[in-house]
>>> print(open('entry-v4.txt').read())   # compact mmCIF, C-alpha atoms
# COMPACT_ATOMS: atom_id res chain seq x y z
CA MET A 1 -90.38 18.44 17.98
CA PRO A 2 -91.32 21.32 15.63
CA LYS A 3 -94.77 21.59 14.09
CA GLN A 4 -95.13 21.67 10.29
CA THR A 5 -98.28 23.06 8.69
CA PHE A 6 -99.35 22.95 5.04
CA VAL A 7 -102.43 22.24 2.92
CA LEU A 8 -102.86 18.64 1.79
CA ASN A 9 -105.54 17.81 -0.76
CA GLY A 10 -107.53 20.86 0.25
CA GLU A 11 -107.24 20.47 4.02
CA ARG A 12 -104.83 22.23 6.35
CA VAL A 13 -102.72 19.72 8.26
CA THR A 14 -100.22 20.10 11.08
CA VAL A 15 -97.74 17.42 12.08
CA LYS A 16 -94.98 17.24 14.66
CA VAL A 17 -91.86 16.24 12.79
CA ALA A 18 -88.27 17.38 12.36
CA ASP A 19 -87.62 20.07 9.74
CA ASP A 20 -85.30 17.80 7.76
CA GLU A 21 -87.82 14.95 7.31
CA ARG A 22 -88.68 14.43 3.64
CA VAL A 23 -92.24 15.32 2.63
CA LEU A 24 -92.75 11.83 1.17
CA TRP A 25 -92.31 10.22 4.59
CA VAL A 26 -94.60 12.78 6.21
CA LEU A 27 -97.28 12.02 3.63
CA ARG A 28 -96.95 8.25 3.80
CA ASP A 29 -95.94 7.51 7.38
CA LEU A 30 -97.58 10.29 9.37
CA LEU A 31 -100.61 11.24 7.26
CA GLY A 32 -101.41 7.85 5.67
CA VAL A 33 -101.37 9.14 2.10
CA THR A 34 -99.98 6.24 0.08
CA GLY A 35 -100.51 7.38 -3.54
CA PRO A 36 -97.02 8.89 -3.83
CA LYS A 37 -94.75 5.85 -3.98
CA TYR A 38 -91.19 5.45 -2.75
CA GLY A 39 -88.98 4.34 -5.59
CA CYS A 40 -85.51 5.78 -5.34
CA GLY A 41 -85.57 8.57 -2.74
CA ILE A 42 -83.21 10.72 -4.83
CA ASN A 43 -85.57 12.45 -7.29
CA VAL A 44 -84.79 10.13 -10.20
CA CYS A 45 -87.62 7.62 -10.67
CA LYS A 46 -90.39 10.13 -9.89
CA ALA A 47 -92.81 7.51 -8.54
CA CYS A 48 -93.70 10.00 -5.80
CA THR A 49 -94.61 12.88 -8.14
CA SER A 50 -97.28 15.10 -6.62
CA HIS A 51 -98.14 18.79 -7.00
CA ILE A 52 -97.10 21.72 -4.87
CA ASN A 53 -99.00 24.91 -5.62
CA GLY A 54 -100.09 23.35 -8.92
CA LYS A 55 -96.66 22.32 -10.15
CA ALA A 56 -95.12 18.86 -10.22
CA PHE A 57 -92.62 18.10 -7.49
CA ASN A 58 -91.05 15.05 -5.95
CA PRO A 59 -91.70 14.88 -2.21
CA CYS A 60 -88.81 12.46 -1.72
CA SER A 61 -86.42 15.35 -2.37
CA VAL A 62 -88.10 18.14 -0.38
CA LYS A 63 -87.70 18.70 3.34
CA VAL A 64 -90.94 19.36 5.20
CA GLY A 65 -89.29 22.33 6.90
CA ASP A 66 -88.99 23.98 3.48
CA LEU A 67 -92.79 24.11 3.13
CA GLU A 68 -94.74 27.25 3.92
CA PRO A 69 -98.05 27.05 5.82
CA ASP A 70 -99.98 28.08 2.70
CA ASP A 71 -98.23 25.65 0.35
CA GLU A 72 -100.82 23.38 -1.24
CA ILE A 73 -99.82 19.79 -1.87
CA THR A 74 -102.04 17.66 -4.07
CA THR A 75 -101.49 13.93 -4.34
CA ILE A 76 -103.31 11.44 -6.56
CA GLU A 77 -105.83 11.04 -3.72
CA GLY A 78 -106.88 14.68 -4.09
CA LEU A 79 -106.62 15.03 -7.87
CA ALA A 80 -110.28 14.31 -8.66
CA ASP A 81 -111.30 17.03 -6.21
CA THR A 82 -109.65 19.59 -8.52
CA VAL A 83 -112.36 18.99 -11.16
CA LYS A 84 -116.03 18.12 -11.25
CA GLY A 85 -116.65 14.39 -11.44
CA ASP A 86 -115.59 11.19 -9.78
CA LEU A 87 -112.26 11.03 -11.61
CA HIS A 88 -109.95 13.57 -13.15
CA PRO A 89 -109.95 13.42 -17.00
CA MET A 90 -106.36 12.14 -16.89
CA GLN A 91 -107.36 9.30 -14.59
CA GLU A 92 -110.20 8.44 -16.97
CA ALA A 93 -107.77 8.46 -19.90
CA TRP A 94 -105.48 6.07 -18.00
CA ILE A 95 -108.37 3.64 -17.61
CA ASP A 96 -109.59 4.09 -21.20
CA ARG A 97 -106.10 3.42 -22.58
CA ASP A 98 -105.50 0.47 -20.24
CA VAL A 99 -102.23 1.99 -19.07
CA PRO A 100 -101.51 0.34 -15.71
CA GLN A 101 -99.93 -3.05 -15.42
CA CYS A 102 -98.35 -3.28 -11.98
CA GLY A 103 -99.65 0.23 -11.21
CA TYR A 104 -96.81 1.24 -8.91
CA CYS A 105 -95.65 4.25 -10.92
CA GLN A 106 -99.06 5.30 -12.21
CA PRO A 107 -99.98 7.89 -9.55
CA GLY A 108 -96.72 9.72 -10.22
CA GLN A 109 -97.15 9.37 -13.98
CA ILE A 110 -100.67 10.84 -13.82
CA MET A 111 -99.59 13.71 -11.58
CA ALA A 112 -96.68 14.53 -13.92
CA ALA A 113 -99.00 14.42 -16.94
CA VAL A 114 -101.57 16.74 -15.34
CA ALA A 115 -98.90 19.27 -14.38
CA LEU A 116 -97.45 19.15 -17.90
CA VAL A 117 -100.83 19.63 -19.59
CA ARG A 118 -101.72 22.53 -17.29
CA LYS A 119 -98.37 24.20 -18.03
CA VAL A 120 -98.75 23.80 -21.79
CA GLN A 121 -102.34 25.06 -21.64
CA ARG A 122 -101.31 28.12 -19.58
CA GLU A 123 -98.76 28.90 -22.29
CA GLY A 124 -101.48 28.59 -24.96
CA GLY A 125 -100.03 25.50 -26.64
CA THR A 126 -100.98 21.92 -27.29
CA ILE A 127 -99.13 18.79 -26.21
CA THR A 128 -96.26 17.92 -28.53
CA GLU A 129 -93.96 14.94 -28.78
CA ALA A 130 -91.24 17.05 -27.17
CA ASP A 131 -93.55 17.77 -24.23
CA LEU A 132 -94.23 14.05 -23.81
CA ASP A 133 -90.50 13.37 -23.97
CA GLY A 134 -90.14 15.71 -20.98
CA ILE A 135 -92.08 13.37 -18.70
CA ARG A 136 -89.23 11.50 -17.04
CA ASN A 137 -91.15 9.19 -14.73
CA ILE A 138 -89.86 5.64 -14.89
CA CYS A 139 -92.26 2.78 -15.66
CA ARG A 140 -90.72 -0.64 -15.14
CA CYS A 141 -93.58 -2.31 -17.03
CA GLY A 142 -92.78 -0.23 -20.12
CA THR A 143 -96.26 1.06 -20.92
CA TYR A 144 -94.84 4.27 -22.37
CA THR A 145 -96.81 4.11 -25.63
CA ARG A 146 -100.10 3.82 -23.75
CA ILE A 147 -98.98 6.53 -21.31
CA ARG A 148 -98.38 8.92 -24.20
CA GLU A 149 -101.79 8.08 -25.71
CA ALA A 150 -103.47 8.63 -22.34
CA VAL A 151 -101.75 12.00 -21.85
CA ARG A 152 -102.97 13.17 -25.25
CA GLN A 153 -106.52 11.94 -24.51
CA GLY A 154 -106.57 13.46 -21.03
CA ALA A 155 -105.26 16.76 -22.38
CA ARG A 156 -108.16 17.01 -24.82
CA LYS A 157 -110.63 16.77 -21.91
CA MET A 158 -108.85 19.07 -19.47
>>> encode(input="entry-v4.txt", output="structure tokens")
Amino acid sequence: MPKQTFVLNGERVTVKVADDERVLWVLRDLLGVTGPKYGCGINVCKACTSHINGKAFNPCSVKVGDLEPDDEITTIEGLADTVKGDLHPMQEAWIDRDVPQCGYCQPGQIMAAVALVRKVQREGGTITEADLDGIRNICRCGTYTRIREAVRQGARKM
């Protein structure tokens, strides 16, 4: 069995797993990281959204063999470690705006929001309605209005 090495939430990890195994299953089943959720497995629902090298990606659609040893994956479990404080400002905004209902999609929603805000900030802009429309994560509970409010609030503190 080949060895796969990458950085997960700031720590280098190595696992023995086939090259074609999806990163989501490596995270959840082999490394015990359960924040990224399995929803569809085909890159549609985005419940598994995490970051790779600072950009949003969906580990259900990426083969672990496609990762490089220096690729940095951040999941919701490691998000707070990217800032000073107990929670990331986006996580705080989620709580302040009472976003979660069932909570299943929330880790992916938060990770997508953080990646979007960072991208917009790098480009020197501010979050617009069009930017918010670009977040395509599915929420079965339908808390989209509160999600949008939380993204705006979190963006102001990032």
>>> residues_around(input="entry-v4.txt", residues="segment 23-29 of chain A", least_positions_apart="4", cutoff="10 Å", atoms="all atoms listed in the file", output="PyMOL selection string")
chain A and resi 4+8+15-19+33-38+41+48-50+58-67+73+75
>>> write_last_selection(input="entry-v4.txt", atoms="C-alpha atoms", output="short mmCIF file (atom, residue, chain, number, x, y, z; two decimals), in the coordinates of the input")
data_model
loop_
_atom_site.label_atom_id
_atom_site.label_comp_id
_atom_site.auth_asym_id
_atom_site.auth_seq_id
_atom_site.Cartn_x
_atom_site.Cartn_y
_atom_site.Cartn_z
CA GLN A 4 -95.13 21.67 10.29
CA LEU A 8 -102.86 18.64 1.79
CA VAL A 15 -97.74 17.42 12.08
CA LYS A 16 -94.98 17.24 14.66
CA VAL A 17 -91.86 16.24 12.79
CA ALA A 18 -88.27 17.38 12.36
CA ASP A 19 -87.62 20.07 9.74
CA VAL A 33 -101.37 9.14 2.10
CA THR A 34 -99.98 6.24 0.08
CA GLY A 35 -100.51 7.38 -3.54
CA PRO A 36 -97.02 8.89 -3.83
CA LYS A 37 -94.75 5.85 -3.98
CA TYR A 38 -91.19 5.45 -2.75
CA GLY A 41 -85.57 8.57 -2.74
CA CYS A 48 -93.70 10.00 -5.80
CA THR A 49 -94.61 12.88 -8.14
CA SER A 50 -97.28 15.10 -6.62
CA ASN A 58 -91.05 15.05 -5.95
CA PRO A 59 -91.70 14.88 -2.21
CA CYS A 60 -88.81 12.46 -1.72
CA SER A 61 -86.42 15.35 -2.37
CA VAL A 62 -88.10 18.14 -0.38
CA LYS A 63 -87.70 18.70 3.34
CA VAL A 64 -90.94 19.36 5.20
CA GLY A 65 -89.29 22.33 6.90
CA ASP A 66 -88.99 23.98 3.48
CA LEU A 67 -92.79 24.11 3.13
CA ILE A 73 -99.82 19.79 -1.87
CA THR A 75 -101.49 13.93 -4.34
#
>>> closest_atom_pairs(input="entry-v4.txt", of="segment 33-101 of chain A", to="segment 118-139 of chain A", cutoff="12 Å", atoms="all atoms listed in the file", output="JSON lines")
{"residue": "A:Lys37", "atom": "CA", "partner": "A:Asn137", "partner_atom": "CA", "distance": 11.8}
{"residue": "A:Gly39", "atom": "CA", "partner": "A:Ile138", "partner_atom": "CA", "distance": 9.4}
{"residue": "A:Cys40", "atom": "CA", "partner": "A:Ile138", "partner_atom": "CA", "distance": 10.5}
{"residue": "A:Asn43", "atom": "CA", "partner": "A:Asn137", "partner_atom": "CA", "distance": 9.9}
{"residue": "A:Val44", "atom": "CA", "partner": "A:Asn137", "partner_atom": "CA", "distance": 7.9}
{"residue": "A:Cys45", "atom": "CA", "partner": "A:Ile138", "partner_atom": "CA", "distance": 5.2}
{"residue": "A:Lys46", "atom": "CA", "partner": "A:Asn137", "partner_atom": "CA", "distance": 5.0}
{"residue": "A:Ala47", "atom": "CA", "partner": "A:Asn137", "partner_atom": "CA", "distance": 6.6}
{"residue": "A:Cys48", "atom": "CA", "partner": "A:Asn137", "partner_atom": "CA", "distance": 9.3}
{"residue": "A:Thr49", "atom": "CA", "partner": "A:Asn137", "partner_atom": "CA", "distance": 8.3}
{"residue": "A:Ser50", "atom": "CA", "partner": "A:Asn137", "partner_atom": "CA", "distance": 11.8}
{"residue": "A:His51", "atom": "CA", "partner": "A:Arg118", "partner_atom": "CA", "distance": 11.5}
{"residue": "A:Gly54", "atom": "CA", "partner": "A:Arg118", "partner_atom": "CA", "distance": 8.6}
{"residue": "A:Lys55", "atom": "CA", "partner": "A:Lys119", "partner_atom": "CA", "distance": 8.3}
{"residue": "A:Ala56", "atom": "CA", "partner": "A:Lys119", "partner_atom": "CA", "distance": 10.0}
{"residue": "A:Phe57", "atom": "CA", "partner": "A:Asn137", "partner_atom": "CA", "distance": 11.6}
{"residue": "A:Asn58", "atom": "CA", "partner": "A:Asn137", "partner_atom": "CA", "distance": 10.6}
{"residue": "A:Met90", "atom": "CA", "partner": "A:Arg118", "partner_atom": "CA", "distance": 11.4}
{"residue": "A:Val99", "atom": "CA", "partner": "A:Cys139", "partner_atom": "CA", "distance": 10.6}
{"residue": "A:Pro100", "atom": "CA", "partner": "A:Cys139", "partner_atom": "CA", "distance": 9.6}
{"residue": "A:Gln101", "atom": "CA", "partner": "A:Cys139", "partner_atom": "CA", "distance": 9.6}
>>> write_last_selection(input="entry-v4.txt", atoms="C-alpha atoms", output="PDB file, in the coordinates of the input")
ATOM      1  CA  LYS A  37     -94.750   5.850  -3.980  1.00  0.00           C
ATOM      2  CA  GLY A  39     -88.980   4.340  -5.590  1.00  0.00           C
ATOM      3  CA  CYS A  40     -85.510   5.780  -5.340  1.00  0.00           C
ATOM      4  CA  ASN A  43     -85.570  12.450  -7.290  1.00  0.00           C
ATOM      5  CA  VAL A  44     -84.790  10.130 -10.200  1.00  0.00           C
ATOM      6  CA  CYS A  45     -87.620   7.620 -10.670  1.00  0.00           C
ATOM      7  CA  LYS A  46     -90.390  10.130  -9.890  1.00  0.00           C
ATOM      8  CA  ALA A  47     -92.810   7.510  -8.540  1.00  0.00           C
ATOM      9  CA  CYS A  48     -93.700  10.000  -5.800  1.00  0.00           C
ATOM     10  CA  THR A  49     -94.610  12.880  -8.140  1.00  0.00           C
ATOM     11  CA  SER A  50     -97.280  15.100  -6.620  1.00  0.00           C
ATOM     12  CA  HIS A  51     -98.140  18.790  -7.000  1.00  0.00           C
ATOM     13  CA  GLY A  54    -100.090  23.350  -8.920  1.00  0.00           C
ATOM     14  CA  LYS A  55     -96.660  22.320 -10.150  1.00  0.00           C
ATOM     15  CA  ALA A  56     -95.120  18.860 -10.220  1.00  0.00           C
ATOM     16  CA  PHE A  57     -92.620  18.100  -7.490  1.00  0.00           C
ATOM     17  CA  ASN A  58     -91.050  15.050  -5.950  1.00  0.00           C
ATOM     18  CA  MET A  90    -106.360  12.140 -16.890  1.00  0.00           C
ATOM     19  CA  VAL A  99    -102.230   1.990 -19.070  1.00  0.00           C
ATOM     20  CA  PRO A 100    -101.510   0.340 -15.710  1.00  0.00           C
ATOM     21  CA  GLN A 101     -99.930  -3.050 -15.420  1.00  0.00           C
TER      22      GLN A 101
END
>>> closest_residue(input="entry-v4.txt", among="A:Leu31, A:Leu116, A:Val151, A:Ile76", to="Arg97 of chain A", atoms="only C-alpha atoms")
A:Val151
>>> closest_residue(input="entry-v4.txt", among="A:Asp98, A:Pro107, A:His88, A:Ala93", to="Arg152 of chain A", atoms="only C-alpha atoms")
A:Ala93
>>> atom_distance(input="entry-v4.txt", atom1="atom CA of Tyr144 of chain A", atom2="atom CA of Asp96 of chain A")
14.8 Å
>>> atom_distance(input="entry-v4.txt", atom1="atom CA of Met1 of chain A", atom2="atom CA of Asn53 of chain A")
25.9 Å
>>> residues_around(input="entry-v4.txt", residues="Arg140 of chain A", least_positions_apart="3", cutoff="9 Å", atoms="only C-alpha atoms", output="list of chain:residue names")
A:Cys102, A:Tyr104, A:Cys105, A:Thr143
>>> write_last_selection(input="entry-v4.txt", atoms="C-alpha atoms", output="compact mmCIF listing (two decimals), in the coordinates of the input")
# COMPACT_ATOMS: atom_id res chain seq x y z
CA CYS A 102 -98.35 -3.28 -11.98
CA TYR A 104 -96.81 1.24 -8.91
CA CYS A 105 -95.65 4.25 -10.92
CA THR A 143 -96.26 1.06 -20.92
>>> atom_distance(input="entry-v4.txt", atom1="atom CA of Ile52 of chain A", atom2="atom CA of Glu92 of chain A")
22.2 Å
>>> axis_aligned_box(input="entry-v4.txt", around="segment 110-114 of chain A", padding_each_side="6 Å", output="AutoDock Vina command-line options")
--center_x -99.1 --center_y 13.8 --center_z -14.3 --size_x 16.9 --size_y 17.9 --size_z 17.4
>>> closest_residue(input="entry-v4.txt", among="A:Gly142, A:Gly78, A:Pro89, A:Gly103", to="Gly10 of chain A", atoms="only C-alpha atoms")
A:Gly78
>>> decode(input="entry-v4.txt", residues="segment 105-126 of chain A", atoms="N, CA and C atoms", output="PDB file, in the first residue's frame")
ATOM      1  N   CYS A 105     -24.347  20.851   7.588  1.00  0.00           N
ATOM      2  CA  CYS A 105     -23.627  21.531   6.507  1.00  0.00           C
ATOM      3  C   CYS A 105     -22.762  22.682   7.002  1.00  0.00           C
ATOM      4  N   GLN A 106     -22.876  23.045   8.260  1.00  0.00           N
ATOM      5  CA  GLN A 106     -22.230  24.259   8.741  1.00  0.00           C
ATOM      6  C   GLN A 106     -20.710  24.265   8.638  1.00  0.00           C
ATOM      7  N   PRO A 107     -19.994  23.184   8.929  1.00  0.00           N
ATOM      8  CA  PRO A 107     -18.541  23.253   8.746  1.00  0.00           C
ATOM      9  C   PRO A 107     -18.160  23.614   7.308  1.00  0.00           C
ATOM     10  N   GLY A 108     -18.807  22.998   6.346  1.00  0.00           N
ATOM     11  CA  GLY A 108     -18.525  23.311   4.948  1.00  0.00           C
ATOM     12  C   GLY A 108     -18.920  24.730   4.585  1.00  0.00           C
ATOM     13  N   GLN A 109     -20.047  25.190   5.116  1.00  0.00           N
ATOM     14  CA  GLN A 109     -20.493  26.564   4.869  1.00  0.00           C
ATOM     15  C   GLN A 109     -19.453  27.551   5.398  1.00  0.00           C
ATOM     16  N   ILE A 110     -18.994  27.336   6.618  1.00  0.00           N
ATOM     17  CA  ILE A 110     -18.019  28.240   7.238  1.00  0.00           C
ATOM     18  C   ILE A 110     -16.716  28.238   6.444  1.00  0.00           C
ATOM     19  N   MET A 111     -16.257  27.064   6.063  1.00  0.00           N
ATOM     20  CA  MET A 111     -14.998  26.980   5.312  1.00  0.00           C
ATOM     21  C   MET A 111     -15.116  27.671   3.952  1.00  0.00           C
ATOM     22  N   ALA A 112     -16.267  27.528   3.290  1.00  0.00           N
ATOM     23  CA  ALA A 112     -16.485  28.219   2.019  1.00  0.00           C
ATOM     24  C   ALA A 112     -16.506  29.727   2.230  1.00  0.00           C
ATOM     25  N   ALA A 113     -17.152  30.175   3.298  1.00  0.00           N
ATOM     26  CA  ALA A 113     -17.248  31.613   3.584  1.00  0.00           C
ATOM     27  C   ALA A 113     -15.868  32.205   3.857  1.00  0.00           C
ATOM     28  N   VAL A 114     -15.059  31.521   4.662  1.00  0.00           N
ATOM     29  CA  VAL A 114     -13.717  32.021   4.978  1.00  0.00           C
ATOM     30  C   VAL A 114     -12.874  32.125   3.708  1.00  0.00           C
ATOM     31  N   ALA A 115     -12.917  31.114   2.874  1.00  0.00           N
ATOM     32  CA  ALA A 115     -12.146  31.144   1.621  1.00  0.00           C
ATOM     33  C   ALA A 115     -12.613  32.291   0.732  1.00  0.00           C
ATOM     34  N   LEU A 116     -13.913  32.508   0.657  1.00  0.00           N
ATOM     35  CA  LEU A 116     -14.450  33.600  -0.156  1.00  0.00           C
ATOM     36  C   LEU A 116     -13.982  34.951   0.378  1.00  0.00           C
ATOM     37  N   VAL A 117     -14.114  35.164   1.665  1.00  0.00           N
ATOM     38  CA  VAL A 117     -13.719  36.446   2.256  1.00  0.00           C
ATOM     39  C   VAL A 117     -12.232  36.692   2.038  1.00  0.00           C
ATOM     40  N   ARG A 118     -11.414  35.682   2.246  1.00  0.00           N
ATOM     41  CA  ARG A 118      -9.968  35.852   2.032  1.00  0.00           C
ATOM     42  C   ARG A 118      -9.668  36.214   0.584  1.00  0.00           C
ATOM     43  N   LYS A 119     -10.352  35.576  -0.347  1.00  0.00           N
ATOM     44  CA  LYS A 119     -10.154  35.877  -1.778  1.00  0.00           C
ATOM     45  C   LYS A 119     -10.538  37.319  -2.077  1.00  0.00           C
ATOM     46  N   VAL A 120     -11.698  37.736  -1.626  1.00  0.00           N
ATOM     47  CA  VAL A 120     -12.175  39.103  -1.874  1.00  0.00           C
ATOM     48  C   VAL A 120     -11.235  40.116  -1.231  1.00  0.00           C
ATOM     49  N   GLN A 121     -10.773  39.826  -0.021  1.00  0.00           N
ATOM     50  CA  GLN A 121      -9.848  40.735   0.653  1.00  0.00           C
ATOM     51  C   GLN A 121      -8.508  40.824  -0.077  1.00  0.00           C
ATOM     52  N   ARG A 122      -8.005  39.689  -0.576  1.00  0.00           N
ATOM     53  CA  ARG A 122      -6.747  39.702  -1.349  1.00  0.00           C
ATOM     54  C   ARG A 122      -6.884  40.592  -2.572  1.00  0.00           C
ATOM     55  N   GLU A 123      -8.075  40.593  -3.163  1.00  0.00           N
ATOM     56  CA  GLU A 123      -8.322  41.389  -4.367  1.00  0.00           C
ATOM     57  C   GLU A 123      -8.655  42.842  -4.036  1.00  0.00           C
ATOM     58  N   GLY A 124      -8.691  43.177  -2.729  1.00  0.00           N
ATOM     59  CA  GLY A 124      -8.931  44.548  -2.315  1.00  0.00           C
ATOM     60  C   GLY A 124     -10.392  44.972  -2.307  1.00  0.00           C
ATOM     61  N   GLY A 125     -11.301  44.007  -2.338  1.00  0.00           N
ATOM     62  CA  GLY A 125     -12.724  44.344  -2.377  1.00  0.00           C
ATOM     63  C   GLY A 125     -13.426  44.094  -1.058  1.00  0.00           C
ATOM     64  N   THR A 126     -14.723  44.269  -1.096  1.00  0.00           N
ATOM     65  CA  THR A 126     -15.581  43.941   0.031  1.00  0.00           C
ATOM     66  C   THR A 126     -16.648  42.965  -0.458  1.00  0.00           C
TER      67      THR A 126
END
